[in-house]
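In what follows, a single structure is set out as structure tokens and then discussed.
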Protein chains: 2
Amino acid sequence: MTTVHGYSPSGNCHKLRLLLAQLGTPYRWIEVDSSRGETRTPEYLAKNPNGKVPMLELDDGRILVESNAILHYLAEGTGFLPDDPWQRAQALSWMFFEQYSHEPFVAVARFICGWTPLESPRRAGLPRLRERGHEAFAVMEGHLSTHPWFTGTGYGIADIALFAYSDVAHQGGFELSPYPALRGWLARVRETPGFVAMPDPSPGNAALIAAST
Amino acid sequence: MTTVHGYSPSGNCHKLRLLLAQLGTPYRWIEVDSSRGETRTPEYLAKNPNGKVPMLELDDGRILVESNAILHYLAEGTGFLPDDPWQRAQALSWMFFEQYSHEPFVAVARFICGWTPLESPRRAGLPRLRERGHEAFAVMEGHLSTHPWFTGTGYGIADIALFAYSDVAHQGGFELSPYPALRGWLARVRETPGFVAMPDPSPGNAALIAAST
């Protein structure tokens with residue numbers, strides 16, 4: 001059975017949980033707490049030298065890393081990845097946008113709020129991260145004001161990739177009221193068949209988030 | 001004829017020049033100096049609301065952005081993208097690695113050295129960028145010490161994506177002597193048929209690089 005090595009509160013990891021649930025694919029989940037160094041052990045680094053989650057491990061031991069590459073691999077031949085070459089290209093384009101122009105700001109702001117001490121010097125970077133995160137939300141809002149989904153006519157892996165951290169952006173101090181089209185899209189994603197939400201942060205992380213936002 | 005909107009000294013843009021040259025595909029190049037705000041004009045933002053280069057424009061006006069998504073689109077059906085689904089997945093995995101764990105450090109350090117004033121406060125970030133860039137080079141070295149290319153048995157778009165900024169890393173103050181396998185791979189890429197090198201930085205940018213590294 002396919003194994004996912006992942007940290008449950010990570011949006012990058014949740015992308016795989018959501019797609020696998022919606023595909024109805026059985027899988028095994030091995031919890032790896034990247035916030036406590038569990039991706040930096042010799043055993044883990046032997047499988048993924050870049051020391052990150054998520055990681056997909058096949059029964060024969062083959063390894064695939066990078067959340068959006070895993071989404072693309074799992075979605076091939078399913079309705080979650082368009083057949084049309086141009087729409088397939090747009091799916092990848094949005095997924096690279098997510099990793100370069102969205103996640104490093106939206107996800108990192110959330111991580112700093114919930115997973116670093118209140119006195120962490122990294123908190124000085126929050127205003128700049130939020131500014132850049134809002135730039136990403138504005139780009140998404142522009143697209144979503146004329147399109148129901150990120151590619152083609154239906155929900156797919158570009159939506160999953162962008163949903164993961166957008167739906168928990170408030171945990172990083174982002175206020176999404178300026179983006180009605182984005183909020184409508186988040187609601188549509190939550191209504192897709194087989195949808196599963198990201199687990200809530202632990203009480204300790206939730207307390208840090210509450211004190212930060 | 002396909003049009004590339006690009007800034008010549010940008011590695012992300014050079015990826016497209018290199019692949020198109022090696023495919024033998026005719027194209028038109030429109031120079032857009034992102035370092036002087038030319039991606040932030042209303043006309044440019046109407047085509048790419050994220051305000052970045054490169055941008056591919058088809059004859060019918062359709063737009064594709066994100067360098068690695070464009071590489072993937074152009075390489076589909078050619079020898080630059082493997083047929084095997086697992087190797088295709090590995091190509092995307094390395095391309096997401098490039099955009100998340102390599103470019104934000106290796107390319108940004110080079111940009112700061114050559115495209116910001118010597119008194120820029122951003123220069124305080126160079127040691128940390130170089131530390132993270134070396135982590136990426138170490139991951140690449142590990143792979144290349146047992147594989148000639150990033151995917152399968154031949155040169156392809158994952159190599160192009162990772163080559164672009166690795167080959168000019170010295171302009172960001174990176175010393176690659178600790179990575180013999182990586183240096184061997186850079187040399188092999190330079191010997192591929194139809195290879196074209198990135199244009200040299202302008203004299204002004206070159207002077208800043210010389211004063212920074």
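The chains in the structure tokens are called A, B, ... from first to last as shown; in each chain the residues are counted from 1, and the ligands are counted from 1 in the order shown.
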
Checklist line | Spatial neighbours of range 75-90 of chain B, 7 Å, only C-alpha atoms, chain gap at least 2 places, as a VMD selection string | finding: (chain A and resid 64 69 73) or (chain B and resid 71 to 73 92 to 94 151 to 152 155 to 157)

Check: Can you list, as a ChimeraX atom specification, every protein, DNA or RNA residue that comes within 8 Å of Ser101 in chain A when you count only C-alpha atoms, leaving out same-chain residues fewer than 3 positions away?
Finding: /A:97-98,104-105,132-133,136

Notebook entry, point to check: Which residue out of B:Ala138, B:Met1, B:Met198, B:Ala164 has the minimum interatomic distance to chain A when only C-alpha atoms are used?
Noted result: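 Smallest distance to chain A is found for B:Ala138.
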
Notebook entry, point to check: Within 10 Å of Arg183 in chain B, counting only C-alpha atoms, which residues qualify if same-chain residues fewer than 4 places away don't, as number ranges by chain?
Noted result: B: 141, 144, 166-167, 176-179, 187-189

Please dump the current selection as a CSV table (one decimal), in the first residue's frame; keep N, CA and C atoms.
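Resulting contents of again.csv:
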chain,number,residue,atom,x,y,z
B,141,GLU,N,24.5,17.4,-5.4
B,141,GLU,CA,25.7,16.6,-5.4
B,141,GLU,C,25.5,15.2,-5.1
B,144,LEU,N,23.9,13.6,-8.1
B,144,LEU,CA,24.8,13.5,-9.3
B,144,LEU,C,26.0,12.6,-9.0
B,166,SER,N,22.5,27.5,-11.5
B,166,SER,CA,23.8,26.8,-10.9
B,166,SER,C,25.0,27.3,-11.7
B,167,ASP,N,24.8,27.4,-13.0
B,167,ASP,CA,26.0,27.8,-13.9
B,167,ASP,C,26.5,29.2,-13.6
B,176,LEU,N,31.9,26.5,-6.0
B,176,LEU,CA,31.4,25.2,-6.3
B,176,LEU,C,32.5,24.1,-6.2
B,177,SER,N,33.7,24.4,-5.7
B,177,SER,CA,34.7,23.4,-5.7
B,177,SER,C,34.4,22.2,-4.8
B,178,PRO,N,33.5,22.4,-3.7
B,178,PRO,CA,33.2,21.2,-2.9
B,178,PRO,C,32.3,20.2,-3.6
B,179,TYR,N,31.9,20.5,-4.9
B,179,TYR,CA,30.8,19.7,-5.5
B,179,TYR,C,31.4,19.1,-6.9
B,187,ALA,N,29.4,20.8,-16.8
B,187,ALA,CA,30.2,20.6,-18.0
B,187,ALA,C,29.5,19.8,-19.1
B,188,ARG,N,28.8,18.7,-18.6
B,188,ARG,CA,28.1,17.9,-19.6
B,188,ARG,C,26.9,18.7,-20.2
B,189,VAL,N,26.3,19.5,-19.4
B,189,VAL,CA,25.2,20.3,-20.0
B,189,VAL,C,25.7,21.2,-21.0

Next item on the list: Could you check how far CA of Pro117 in chain A sits from CA of Leu129 in chain B, in Å to one decimal?
Entry: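 One can read the CA of Pro117 in chain A to CA of Leu129 in chain B distance as 23.3 Å.
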
Item checked: Residues near Thr116 in chain A, cut-off 10 Å, only C-alpha atoms, skip fewer than 4 positions along chain, as a ChimeraX atom specification -> /A:35,110-112,120-123,205,208-209

Save the residues we just selected, C-alpha atoms, as a JSON list (two decimals), in the first residue's frame?
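Result written to part.json:
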[["chain", "number", "residue", "atom", "x", "y", "z"],
["A", 35, "SER", "CA", 8.57, 20.89, 13.56],
["A", 110, "ARG", "CA", 1.15, 30.67, 9.71],
["A", 111, "PHE", "CA", 4.15, 28.60, 10.80],
["A", 112, "ILE", "CA", 5.72, 31.57, 12.57],
["A", 120, "SER", "CA", 11.04, 34.50, 18.20],
["A", 121, "PRO", "CA", 13.00, 37.05, 16.13],
["A", 122, "ARG", "CA", 11.32, 35.54, 13.06],
["A", 123, "ARG", "CA", 8.14, 37.37, 14.08],
["A", 205, "ASN", "CA", -0.05, 25.53, 18.50],
["A", 208, "LEU", "CA", 0.28, 30.46, 19.96],
["A", 209, "ILE", "CA", -1.91, 31.26, 16.94]]

Notebook entry, point to check: Between CA of Ser34 in chain A and CA of Ser145 in chain B, what is the spacing in Å?
Noted result: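 A separation of 27.0 Å between them.
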
Next item on the list: Give me the residues within 8 Å of range 17-30 of chain B as a list in words, counting only C-alpha atoms and dropping any in the same chain fewer than 6 places off.
Entry: Met1, Thr2, Thr3, Val4, His5, Gly6, Leu71, Ile157, Ile160, Pro193, Gly194, Phe195, Val196 and Ala197 of chain B

If you keep N, CA and C atoms, can you produce a file of those selected residues as a compact mmCIF listing (two decimals), in the first residue's frame?
# COMPACT_ATOMS: atom_id res chain seq x y z
N MET B 1 4.22 33.26 -34.67
CA MET B 1 5.41 32.69 -34.02
C MET B 1 5.31 32.88 -32.50
N THR B 2 5.68 31.86 -31.75
CA THR B 2 5.64 31.94 -30.29
C THR B 2 6.54 33.08 -29.80
N THR B 3 6.05 33.80 -28.82
CA THR B 3 6.81 34.92 -28.27
C THR B 3 7.19 34.62 -26.82
N VAL B 4 8.45 34.88 -26.48
CA VAL B 4 8.89 34.83 -25.09
C VAL B 4 9.13 36.26 -24.63
N HIS B 5 8.48 36.65 -23.56
CA HIS B 5 8.79 37.92 -22.90
C HIS B 5 9.78 37.57 -21.79
N GLY B 6 10.99 38.11 -21.89
CA GLY B 6 11.99 37.71 -20.91
C GLY B 6 13.06 38.76 -20.69
N LEU B 71 8.59 25.22 -19.57
CA LEU B 71 9.52 24.16 -20.00
C LEU B 71 8.75 22.86 -20.22
N ILE B 157 14.49 18.48 -19.18
CA ILE B 157 14.08 19.79 -18.63
C ILE B 157 14.42 19.95 -17.15
N ILE B 160 17.80 21.36 -17.35
CA ILE B 160 17.76 22.75 -17.80
C ILE B 160 17.34 23.67 -16.64
N PRO B 193 24.04 19.17 -27.50
CA PRO B 193 23.86 19.78 -28.83
C PRO B 193 22.97 21.01 -28.77
N GLY B 194 23.43 22.07 -29.41
CA GLY B 194 22.62 23.28 -29.49
C GLY B 194 22.67 24.15 -28.25
N PHE B 195 23.56 23.81 -27.32
CA PHE B 195 23.66 24.59 -26.07
C PHE B 195 23.93 26.07 -26.36
N VAL B 196 23.23 26.93 -25.63
CA VAL B 196 23.56 28.37 -25.66
C VAL B 196 23.74 28.84 -24.22
N ALA B 197 24.78 29.64 -24.02
CA ALA B 197 25.07 30.16 -22.68
C ALA B 197 24.22 31.38 -22.38

Item checked: Contacts of Val53 in chain B at 8 Å (only C-alpha atoms; same-chain gap of 3+ positions) as a list in words ->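 Once the nearby chain positions are removed, what remains is His5, Gly6, Tyr7, Asn12, Cys13, Val32, Ser34, Thr39, Val65, Glu66 and Ser67 of chain B.
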
Margin query: Applying 12 Å and only C-alpha atoms, which residues near Ala211 in chain A remain after dropping the ones on its own chain fewer than 4 positions away? List them as a PyMOL selection string.
Written below: chain A and resi 112-119+171-173+204-207

Item checked: Minimum-distance residue to chain A, chosen among B:Pro54, B:Pro49, B:Gly154, B:Gly61 (using only C-alpha atoms) ->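 Counting only C-alpha atoms, the residue closest to chain A is B:Pro49.
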
Next item on the list: Give the answer as one residue: which of A:Thr153, A:Asn68, A:Ser202, A:Ser8 has the shortest atom-to-atom distance to chain B, using only C-alpha atoms?
Entry: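 Nearest to chain B: A:Asn68.
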
Margin query: I need the residues of range 31-145 of chain A that end up classed as strand (DSSP E) by DSSP on the backbone, written out as a PyMOL selection string.
Written below: chain A and resi 31+55-57+63-65

Note to self: Please identify the alpha helix (DSSP H) residues within range 91-163 of chain A (assignment by DSSP from backbone atoms) and present them as a PyMOL selection string.
What the structure shows: chain A and resi 91-97+103-115+126-144+157-163

Item checked: Point-to-point distance from CA of Leu182 in chain A to CA of Met140 in chain A, Å rounded to tenths ->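 The value is 6.9 Å.
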
Next item on the list: Rank nothing, just name the residue among B:Val108, B:Leu186, B:Ala124, B:Leu74 nearest to Ser10 in chain B, using only C-alpha atoms.
Entry: B:Val108
